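A.B. asks: One structure follows; several queries about it will come next.
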Amino acid sequence: MSQATLRVQKISGHAGSVPGHDAQREFTVCKLIDTTTCIGCKACEVACMEWNDLPFGETVFDNTYQTMPETRWNYWNLILFNEHEKEDGSLMWLMRKNQCMHCAEPGCLAACPADGAIVQYTNGIVDFQQANCIGCGYCITGCPFDIPKMNPKTHRVFKCTLCSDRVSEGLEPACIKSCPTGCLHFGSKEDMLKLAKDRATQLREHYDFPQAGVYDPAGVGGTGVVYVLHDASKPELYGGLPADPHIPWSVRLWKGPLKWLGNAAMIGGLIGLAVHYLRFGPKEREETIKEPHEGAEP
Amino acid sequence: MSHAEQAVPQGSVLRYNFKERLTHWITAVSYGYLLMTGLAFWSPWLFWMAVILGGGQVSRMLHPWVGLIFAVCVLIMFGMWATQMHVDENDKNWFKSVGYYVRNEDEQMPPAGRYNAGQKSLFWGFVVCMVLLLLSGLVLWSPQYFAWHSLIAMRIAILIHVLSALLTIGLFLIHVYMGVFAERGALDSMVHGDVSMHFVKRYHPGWYEEITGQTASPKK
């Protein structure tokens, strides 16, 4: 980071272009999850817990292969197992690795009232700074993917960091490193989108998946995690992936018009009362009540 | 009036007994704390309020507890004053003439009783907002248990909490302005308990008639 901030962008009295300008590619990082090649081995779940040193939590068995019903404050990466019955009556696994989507327009960040508790790095990673978190849980209401979870003991909210510590050192996230089938990829958003689109084209043209496509929802400005889905027209099949996620209307209303109206009303009220005091002053003291002025209307 | 236990100066009458004053000031202090911490969570420009009150974490932790104190106090006020706050026909007339009240032409106002229609509105406004704030606040208190089972409830609760809090801020500003700046003698009555009979006669003629048996208004 410090090297990046000291890179010269403009230069005085210099003939020609800035030396080294455009020599390094600026990019947003992205994780690509190809659900069509996921085998549900859960290596990514284990790698996530190991690298991030997450404490052991009890699993929940509910007659599926899924480790637990949903992600937890200390379980950021969970493969959702969905048994899908196709039109011909045959069974199909729809397995989706669920974690923070690292939205370009993060609802958690929009809803958060604590200074510096949620940041978005220039590489697109959305990260929680637990030292600044006040434990209000507003981020939970702002997330269209239901990802942030609160530690009930410490009252701090946690989620996938996209291994920002590894990425800052030039390494790929732990889940990517562990994937045995190559269904997980990591790179620039541009490259990952190309890879994803090529794979979707392949699925449409060479396999029996005419609806195959890429999930990179525009409602949240695109995401730092993109999926290749067998059927991109029905993302809900993959454990409730929203078809068109947005920052919830309640958060937009509260942080948008309501905030400005409220501020205007409060400041306007203060000014109004001050002006009233200057114009009319206090009500007269009862001992000094004057007779009605000559000019007063009857 | 039955609150004759406290001695008051000559020419004065007891308006607020000790229990009423104590409840009022506990409510006031807790509301002040709730207002400051709440505004800190409302706008980043006001987050410094949480910082000077011990930091964001402490503010978030204490806000709900102080909120409970506030709710209990408003409930006690409800018990003490609800019977005196019935809105009647006279109060509707009071609101029709509220322009005179704003311009301090109080002799033009229809005679108010112990509480005028504005004071009654403030009371009911705070009672209703307290209930809304309490219910929405309970939903927001423990998101670690509540949230991911009922995100919709939390999202709506935030809006209700914000809207009713804004409403109380409006009521609070008017209340403080009236009590401290506009109506001299009002703050004093909430500190010492008594108001002068002149004050009663001018601003609460109905109450004056009630306690003296004499008619208050030579005019009209």
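If you're wondering about the labels, chains in the structure tokens are A, B, ... by order shown, residues count from 1 in each chain, ligands from 1 in order shown.
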Per residue of chain A within 8 Å of chain B, what are the shortest atom pair and its distance in Å to one decimal, counting only C-alpha atoms, with rows by chain and residue number, as a tab-separated table?
C.D. replies:
```
residue	atom	partner	partner_atom	distance
A:Pro113	CA	B:Phe41	CA	5.2
A:Ala114	CA	B:Gly56	CA	7.0
A:Asp115	CA	B:Pro44	CA	6.9
A:Cys133	CA	B:Gln57	CA	7.3
A:Ile134	CA	B:Gln57	CA	4.3
A:Gly135	CA	B:Gln57	CA	7.0
A:Cys136	CA	B:Arg60	CA	6.5
A:Gly137	CA	B:Pro143	CA	5.7
A:Ile140	CA	B:Ala147	CA	7.0
A:Thr141	CA	B:Arg155	CA	5.9
A:Asp146	CA	B:Trp148	CA	7.0
A:Lys149	CA	B:Gln144	CA	7.0
A:Met150	CA	B:Gln144	CA	5.1
A:Asn151	CA	B:Gln144	CA	6.8
A:Pro152	CA	B:Gln144	CA	5.6
A:His155	CA	B:Gln144	CA	7.9
A:Ser250	CA	B:Arg155	CA	6.0
A:Val251	CA	B:Arg155	CA	7.3
A:Trp254	CA	B:Leu159	CA	6.5
A:Gly262	CA	B:Leu166	CA	6.6
A:Met266	CA	B:Gly170	CA	7.1
A:Gly269	CA	B:Gly170	CA	7.2
A:Leu270	CA	B:Leu173	CA	7.3
A:Leu273	CA	B:Tyr177	CA	7.2
A:Tyr277	CA	B:Ala182	CA	7.4
A:Phe280	CA	B:Arg103	CA	6.2
A:Gly281	CA	B:Ala182	CA	6.8
A:Pro282	CA	B:Ala182	CA	4.0
A:Lys283	CA	B:Glu183	CA	5.4
A:Glu284	CA	B:Asn104	CA	7.7
A:Arg285	CA	B:Arg184	CA	6.6
A:Glu286	CA	B:His198	CA	5.3
A:Glu287	CA	B:His198	CA	6.6
```
A.B. asks: Could you pull out the residues in region 190-224 of chain A that DSSP calls strand (DSSP E or B) from the backbone, as a PDB file with N, CA and C atoms, in the first residue's frame?
C.D. replies:
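Output below, filename out-v3.pdb:
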```pdb
ATOM      1  N   GLY A 213     -24.692 -19.309 -17.445  1.00  0.00           N
ATOM      2  CA  GLY A 213     -24.309 -17.903 -17.504  1.00  0.00           C
ATOM      3  C   GLY A 213     -23.476 -17.491 -16.306  1.00  0.00           C
ATOM      4  N   VAL A 214     -23.165 -16.205 -16.271  1.00  0.00           N
ATOM      5  CA  VAL A 214     -22.291 -15.650 -15.236  1.00  0.00           C
ATOM      6  C   VAL A 214     -23.134 -14.805 -14.279  1.00  0.00           C
ATOM      7  N   TYR A 215     -22.857 -14.958 -12.992  1.00  0.00           N
ATOM      8  CA  TYR A 215     -23.564 -14.169 -11.974  1.00  0.00           C
ATOM      9  C   TYR A 215     -22.630 -13.071 -11.475  1.00  0.00           C
ATOM     10  N   THR A 223     -19.873  -7.675  -8.339  1.00  0.00           N
ATOM     11  CA  THR A 223     -19.332  -8.265  -7.117  1.00  0.00           C
ATOM     12  C   THR A 223     -17.893  -8.728  -7.319  1.00  0.00           C
TER      13      THR A 223
END
```
A.B. asks: Might you pull out every residue within 12 Å of Trp65 (chain B), with only C-alpha atoms counted and same-chain residues fewer than 2 positions away left off, and present them as a list in words?
C.D. replies: Ser30, Tyr31, Tyr33, Leu34, Val58, Ser59, Arg60, Met61, Leu62, His63, Gly67, Leu68, Ile69, Phe70, Ala71, Val72, Leu134, Gly137, Leu138 and Trp141 of chain B
A.B. asks: Could you write out the selected residues, including C-alpha atoms, as a CSV table (one decimal), in the first residue's frame?
C.D. replies:
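Final output, part_39.csv:
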```
chain,number,residue,atom,x,y,z
B,30,SER,CA,-31.7,9.7,30.1
B,31,TYR,CA,-33.2,11.4,27.1
B,33,TYR,CA,-27.9,10.6,26.8
B,34,LEU,CA,-30.1,8.8,24.3
B,58,VAL,CA,-19.7,1.9,25.2
B,59,SER,CA,-22.4,4.1,23.7
B,60,ARG,CA,-23.9,1.1,21.8
B,61,MET,CA,-23.8,-1.0,24.9
B,62,LEU,CA,-25.5,1.6,27.2
B,63,HIS,CA,-27.9,3.1,24.8
B,67,GLY,CA,-33.5,3.5,26.8
B,68,LEU,CA,-35.2,1.2,29.3
B,69,ILE,CA,-34.8,3.8,32.1
B,70,PHE,CA,-36.3,6.3,29.8
B,71,ALA,CA,-39.2,4.0,28.9
B,72,VAL,CA,-40.0,3.3,32.6
B,134,LEU,CA,-39.1,0.7,22.9
B,137,GLY,CA,-35.3,-0.8,20.0
B,138,LEU,CA,-35.9,-4.3,21.5
B,141,TRP,CA,-30.9,-4.6,20.7
```
A.B. asks: What does the distance between CA of Ala112 (chain B) and CA of Phe126 (chain B) come to in Å, to one decimal place?
C.D. replies: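 Separation of CA of Ala112 (chain B) and CA of Phe126 (chain B): 20.5 Å.
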A.B. asks: Would you compute the distance between CA of Cys44 (chain A) and CA of Phe56 (chain A)? Give it in Å to one decimal.
C.D. replies: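 A separation of 15.3 Å between them.
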A.B. asks: To test your reading of the structure, identify every residue in region 120-235 of chain A that backbone DSSP assigns to alpha helix (DSSP H), and report it as a PyMOL selection string.
C.D. replies: chain A and resi 138-142+164-167+174-178+189-206
A.B. asks: Given the selection you just returned, output its residues as a file containing N, CA and C atoms, formatted as a short mmCIF file (atom, residue, chain, number, x, y, z; two decimals), in the first residue's frame.
C.D. replies:
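Below is the file that was written, out-v3.cif:
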```cif
data_model
loop_
_atom_site.label_atom_id
_atom_site.label_comp_id
_atom_site.auth_asym_id
_atom_site.auth_seq_id
_atom_site.Cartn_x
_atom_site.Cartn_y
_atom_site.Cartn_z
N TYR A 138 -26.08 -3.01 12.24
CA TYR A 138 -26.72 -2.38 11.08
C TYR A 138 -26.21 -2.98 9.77
N CYS A 139 -24.94 -3.38 9.74
CA CYS A 139 -24.38 -3.99 8.51
C CYS A 139 -25.18 -5.23 8.13
N ILE A 140 -25.65 -5.95 9.15
CA ILE A 140 -26.41 -7.17 8.90
C ILE A 140 -27.68 -6.84 8.10
N THR A 141 -28.29 -5.70 8.45
CA THR A 141 -29.52 -5.32 7.74
C THR A 141 -29.22 -4.77 6.35
N GLY A 142 -27.98 -4.32 6.13
CA GLY A 142 -27.65 -3.72 4.84
C GLY A 142 -27.26 -4.74 3.78
N SER A 164 -7.65 -10.83 2.76
CA SER A 164 -6.98 -9.59 2.39
C SER A 164 -5.52 -9.61 2.83
N ASP A 165 -5.23 -10.34 3.93
CA ASP A 165 -3.84 -10.42 4.39
C ASP A 165 -2.98 -11.18 3.37
N ARG A 166 -3.52 -12.24 2.80
CA ARG A 166 -2.77 -13.02 1.79
C ARG A 166 -2.67 -12.22 0.49
N VAL A 167 -3.81 -11.62 0.10
CA VAL A 167 -3.83 -10.92 -1.19
C VAL A 167 -2.85 -9.74 -1.19
N ALA A 174 -7.06 -18.40 0.67
CA ALA A 174 -6.82 -19.78 1.10
C ALA A 174 -7.75 -20.76 0.41
N CYS A 175 -9.02 -20.38 0.22
CA CYS A 175 -9.97 -21.30 -0.41
C CYS A 175 -9.53 -21.65 -1.83
N ILE A 176 -9.01 -20.65 -2.55
CA ILE A 176 -8.57 -20.88 -3.94
C ILE A 176 -7.44 -21.91 -3.95
N LYS A 177 -6.51 -21.70 -3.02
CA LYS A 177 -5.31 -22.56 -2.98
C LYS A 177 -5.69 -24.02 -2.73
N SER A 178 -6.80 -24.19 -1.97
CA SER A 178 -7.12 -25.56 -1.55
C SER A 178 -7.97 -26.31 -2.57
N LYS A 189 -10.61 -8.74 -11.93
CA LYS A 189 -12.03 -8.86 -12.28
C LYS A 189 -12.19 -9.07 -13.78
N GLU A 190 -11.42 -8.33 -14.52
CA GLU A 190 -11.46 -8.41 -15.99
C GLU A 190 -11.17 -9.84 -16.47
N ASP A 191 -10.06 -10.38 -15.96
CA ASP A 191 -9.66 -11.72 -16.39
C ASP A 191 -10.68 -12.77 -15.95
N MET A 192 -11.17 -12.63 -14.71
CA MET A 192 -12.10 -13.63 -14.19
C MET A 192 -13.42 -13.59 -14.96
N LEU A 193 -13.85 -12.38 -15.33
CA LEU A 193 -15.10 -12.28 -16.10
C LEU A 193 -14.93 -12.94 -17.47
N LYS A 194 -13.78 -12.76 -18.07
CA LYS A 194 -13.54 -13.38 -19.38
C LYS A 194 -13.55 -14.90 -19.24
N LEU A 195 -12.84 -15.38 -18.22
CA LEU A 195 -12.79 -16.82 -17.98
C LEU A 195 -14.20 -17.36 -17.74
N ALA A 196 -14.97 -16.63 -16.93
CA ALA A 196 -16.32 -17.07 -16.59
C ALA A 196 -17.21 -17.10 -17.83
N LYS A 197 -17.10 -16.07 -18.66
CA LYS A 197 -17.94 -16.03 -19.86
C LYS A 197 -17.56 -17.12 -20.84
N ASP A 198 -16.27 -17.37 -20.97
CA ASP A 198 -15.82 -18.46 -21.85
C ASP A 198 -16.38 -19.79 -21.36
N ARG A 199 -16.33 -19.99 -20.05
CA ARG A 199 -16.82 -21.24 -19.47
C ARG A 199 -18.33 -21.36 -19.69
N ALA A 200 -19.05 -20.26 -19.52
CA ALA A 200 -20.50 -20.29 -19.73
C ALA A 200 -20.81 -20.61 -21.18
N THR A 201 -20.06 -20.03 -22.10
CA THR A 201 -20.24 -20.32 -23.53
C THR A 201 -20.02 -21.80 -23.80
N GLN A 202 -18.96 -22.32 -23.22
CA GLN A 202 -18.64 -23.74 -23.37
C GLN A 202 -19.80 -24.61 -22.87
N LEU A 203 -20.34 -24.22 -21.70
CA LEU A 203 -21.45 -25.00 -21.12
C LEU A 203 -22.68 -24.95 -22.01
N ARG A 204 -22.93 -23.79 -22.59
CA ARG A 204 -24.10 -23.66 -23.46
C ARG A 204 -23.92 -24.43 -24.76
N GLU A 205 -22.71 -24.37 -25.32
CA GLU A 205 -22.52 -24.91 -26.67
C GLU A 205 -22.13 -26.38 -26.67
N HIS A 206 -21.42 -26.83 -25.64
CA HIS A 206 -20.91 -28.19 -25.67
C HIS A 206 -21.53 -29.10 -24.62
#
```
A.B. asks: Using only C-alpha atoms, which residues sit within 8 Å of Val119 (chain A) once same-chain residues fewer than 4 positions away are excluded, as number ranges by chain?
C.D. replies: A: 109, 126-129
A.B. asks: Just the selected residues (N, CA and C atoms), exported as a compact mmCIF listing (two decimals), in the first residue's frame, please.
C.D. replies:
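Contents of the output file again.txt:
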```txt
# COMPACT_ATOMS: atom_id res chain seq x y z
N LEU A 109 -21.46 -1.49 4.26
CA LEU A 109 -20.71 -0.25 4.46
C LEU A 109 -21.64 0.95 4.47
N VAL A 126 -13.84 -5.82 0.48
CA VAL A 126 -14.59 -5.16 1.55
C VAL A 126 -14.20 -5.85 2.85
N ASP A 127 -13.68 -5.07 3.80
CA ASP A 127 -13.11 -5.68 5.00
C ASP A 127 -13.68 -5.02 6.25
N PHE A 128 -13.93 -5.83 7.26
CA PHE A 128 -14.41 -5.31 8.54
C PHE A 128 -13.22 -5.08 9.46
N GLN A 129 -13.21 -3.93 10.12
CA GLN A 129 -12.16 -3.61 11.10
C GLN A 129 -12.81 -3.74 12.48
```
A.B. asks: Do a neighbour search on Thr28 (chain A) at 7 Å with only C-alpha atoms, toss out local chain neighbours closer than 6 positions, and write the hits as a PyMOL selection string.
C.D. replies: chain A and resi 123-124+188-189
